[in-house]
Amino acid sequence: IQFRHKSTGKKAAVLSLGTNNAPPTARRLSCNAMCPGWWRSAARGCTPARVAAHQQQDPRQAAGKEEGWPAMQGRKAEQQQQEGESVLATSSFEDPMPTRNKAFPYPMQKDQQQAALSSIPWPLFYPAMAACVSAVGAAGFGAGKALPVEPENKSIASFATAAVGAAAAAAVCVQAKKKRDTAAVVDLYNVVVELPDPSELTPQAVDEVGSKYGMKMQKDDLEGLRKIYGQYLETLIPSGDRQLKGDEAAKVSSFKTALGLSDEDAAPVHVEVARRLFRQGYETKDRAQQFEQRKAFQRLIYVSQLVFGDQKAAFLLPWRRHFNITDAQVFVARRDNAKTIFKAIMEREGNELRADRHFLRTLRDHQVAVKMMDESAVELVREFARKHVEARLVKALTQVKLVVTSRDSSVIMDEVSAALDYSRKLAKYANEEDLIPGLGFVTLAGGQLLETRARDLKELYKNYIEQRLESTGEFTPAIEADVHDLQQMIKMPQKEAHMLHDEVAARLYKRLLREAVTSGKLDSSESPAEVLGSLCERLRFSPEAALELHRSLYKAKLASLLSDKPKLSDENEAELARIRRLLCLPTDAARKASRETAGRILEEAISDIYMMGAKPVMETDLNRIEQIIKDVRLDQEVALDVFQSVTRERLRSYIQQAQKERSDGDRKEETAAIKRLVQFNAIVVTPLLDRVKGLEAGKKELAELLMKAQENAKAEGAEGPPPSVSEAAAEAGKSNSISEVQKAIQAARGEFGDDEKKGQKEITLKDDVPSEARALLYRDYLMSTMSGEVVNLPVGGVIRKKTNEGARQADMARLQSLADILGMDQMEISKVHGNLSEEAYKAQATQVMRSGPPSKASNQLLDSLAQQLGLNKEAAEKINRAVRTEVYGSEAIKEEGGQWSIERVKEIVKEGGKVEDMADEVVLRNLYRKELEKKVTDGSGEAEGSYFHEELPKMLGLNDTKVRLITKELVGSRKRMMLVQAVSQFRQKRPQEVSASLNNLISCLRVLPEDKPLSWTEPQELRDMYATFCMREKDGRKRSELASSLGISPEEASKLEIGEGTSSMSSAEEEESIF
């Protein structure tokens, strides 16, 4: 919008109509141009919707919109000229605008009334008002006299008119006073506009404005002060990408104090500004704009907390009640903005955390000023310290990545040393409370450098150690401290650091060792161990690592001697002995090196022979193995170790083949693989082992000694000269050829030769094959030898070949050889045989018990089978119990519908069986319960206590405790019930049922006797029941037991038995009842 002066036509100002995307200042400027009295609503901001609303309220603006901006500009300028206002004071487009603050950019103009009233000095204002009232009253008095009223009423009308005029003038004066007071706020606003920074406003300036108008601003126009304060507060809160600078809270507090606002007066302004910011976030659909408003709202919360303090802010600023935000959100707003301000402070310091005490103390003051928590301070301090160290190390890493010829080692040393010194200084200040928290030794943990360039840091660590050791030639305590600190700084694990240190130390140790050897220092030394020990001490090189280095050097020397020709001469052996002495190499280390170099040659030769399979080894191959051992000067222990390693690997391959065939279910191929294993061990491994151990060489040496003795005897003229050596050799060669052909034929047929009986037993697979797998292999081969060879017919039939005694003996010999190869001791073999015997006995016992009920003959047969299979009595009885449970307890119950009876139990016990081994205890208890319940309820009275307490529990295998519990449960309460039932039946005149109930009572008393007679309220009824019972029961034992239980004496019982002293039922009644 362009504004021009009406008289000159020059541009007065150019303003942009702001939108939501425009900065707040532009929005406020456009609102200033569009809305009169802008200062009253400036704190609310200006949006296009509000501009439109103002246009609708102002018909001139609406007309301007229709007629175009020029017409509106003309009317606006005309109105301002009529009212004595200028659009923007006296500024022009050509003249430079004065520098003004952003919160109050332009002064506010007074209207004509405000200008007129404010021009009256305060001392003259009230006299002028009084004079005005007096004048109006006087004028009213004169006008009253002129009124056409009765003469006697002229005075009344004059006074009335004067009073009305004076009252009206007084009312006008009051309004004028209020209007004049509003000009005070305008003057105060313009005073703030003229200040470079509103925070420079002083209480004296405010008081001067109030004194000018004869008022106290804080009391008479508090709302105007709040509006000015709210405008400054809203402008001071940055929005968008702009962040808080840290001085906002101090400026707001200073401005509030200058205005004379108390915390209670200023708090509503903060809430109102927060409400406008919060609402603006919902008035736009732009996500970015919403986010900006939310950030501005958070900044206002933070600044308000600083202005009022935590305690007053919690009481005066109820954020949760007004905006429904939680304490956690307020906490996040305070934390994030405090961190942002602290980062801005550090940015002004160049983002450099200097290791200076005064600087760190200043940072502590800034932290307290912005009320940043210690946790946030620790996080930021460590971050800036880490960045400082990372910058140092990056410069060092740049040199490390260069080639050696272009690398500047001094830069590496300087940068790493500077980083270490910086970290140590911060660590020194760590425990001082007046400094900012978070100080300590700096590490790269959590930084990008450690995550992205960990490998380069390891190279830097290695290069630093190397340079320090190269410069000093020894590992001093200072170097150790620096290396340890560098390790902690780059967070290198102890193991990796130790490895890199050993690598660097080994390289330098190797160089120093070479110098000591070439100079002859080691050769001339009386104790090479002292020289080597001093080198290790200087370089902090561990003796174990030094020993491993010596072994590698010895191994490399031995490999170089064997590279051209796999044979060591005497000179080579002497050179190797000298190296072992200079390096103080132990015998075990020398043997290990020999095993890894010369042993490879022997290993390859043995592997070539093993590739031929289970075939007899030719004499030439045996001689070659023997010659290789001599040529490479292998110790017998090393040669045996190599041979055992290769042999075990080959034997494992045979075992794996057998296990594969077993898993496939082909037992025939499994047996064949086991036979090949035994044969390979006998005809291949055994002769090779003899040559490796030197047994054959000993035999040859003994033969040569005997031949020399014979030649000496011949020279002395002894009788019976022996045959010549050539003839003996020819005869031996002929016999060897014949034996080799025989062995090859036997191996091709799979026959068990004499050599197989002499198989070696030293190399076993005890540690290579689990015990369970060894037992399965041995068991399968044992079953195969017991069943014999099987031939499968084309039509699905099976024929077992008959085997003679020699074949069976050969199979048993192979079985023993297999046990030796597998490393099975006698206990394991016995366990396998015992398991087979138990399985066989179980199968026979199952068949016997299924053939019929147990009998004496069947028991004798099972005992005989146990003796034949070598089972002891306990093992046989355990199997018998399991088989009985399986046959009688599951199969028999299944076949008979699960019905167990006492008759069946008696039959099993009679045959010598044990029912407790055939059925579960629950079943036996139920049998006892059913039998007891049957006997005490059948009405016979034949139950016996000895039967239920002794005989039946013994047959069922129940203990006394469980029997007593069952008896008490069934019989304890039944006795009283039987008596009550008998009385009831007697009263109903049912004598037969009375007799049955009393018989049941007798059975219960026999099973569970009572200490005293049963009681009843009517003893006569008991006597009558007894008489009725005697009429139907002639057994004297039952009569006596019943009389005793009912408390009837023998004399009285005798009378009742003959019918005396009773009122029992008559014969007619009894017959009627019976009928």
# chains A, B, ... in the order shown; residues from 1 in each chain; ligands from 1
$ residues_around --residues "A:Asp960" --least-positions-apart "6" --cutoff "9 Å" --atoms "only C-alpha atoms" --output "number ranges by chain"
A: 949-950, 953
$ residues_around --residues "A:Glu874" --least-positions-apart "5" --cutoff "12 Å" --atoms "only C-alpha atoms" --output "PyMOL selection string"
chain A and resi 838+863+866+879-881
$ residues_around --residues "stretch 598-602 of chain A" --least-positions-apart "5" --cutoff "7 Å" --atoms "only C-alpha atoms" --output "list in words"
Ile628, Val632, Ala639 and Val642 of chain A
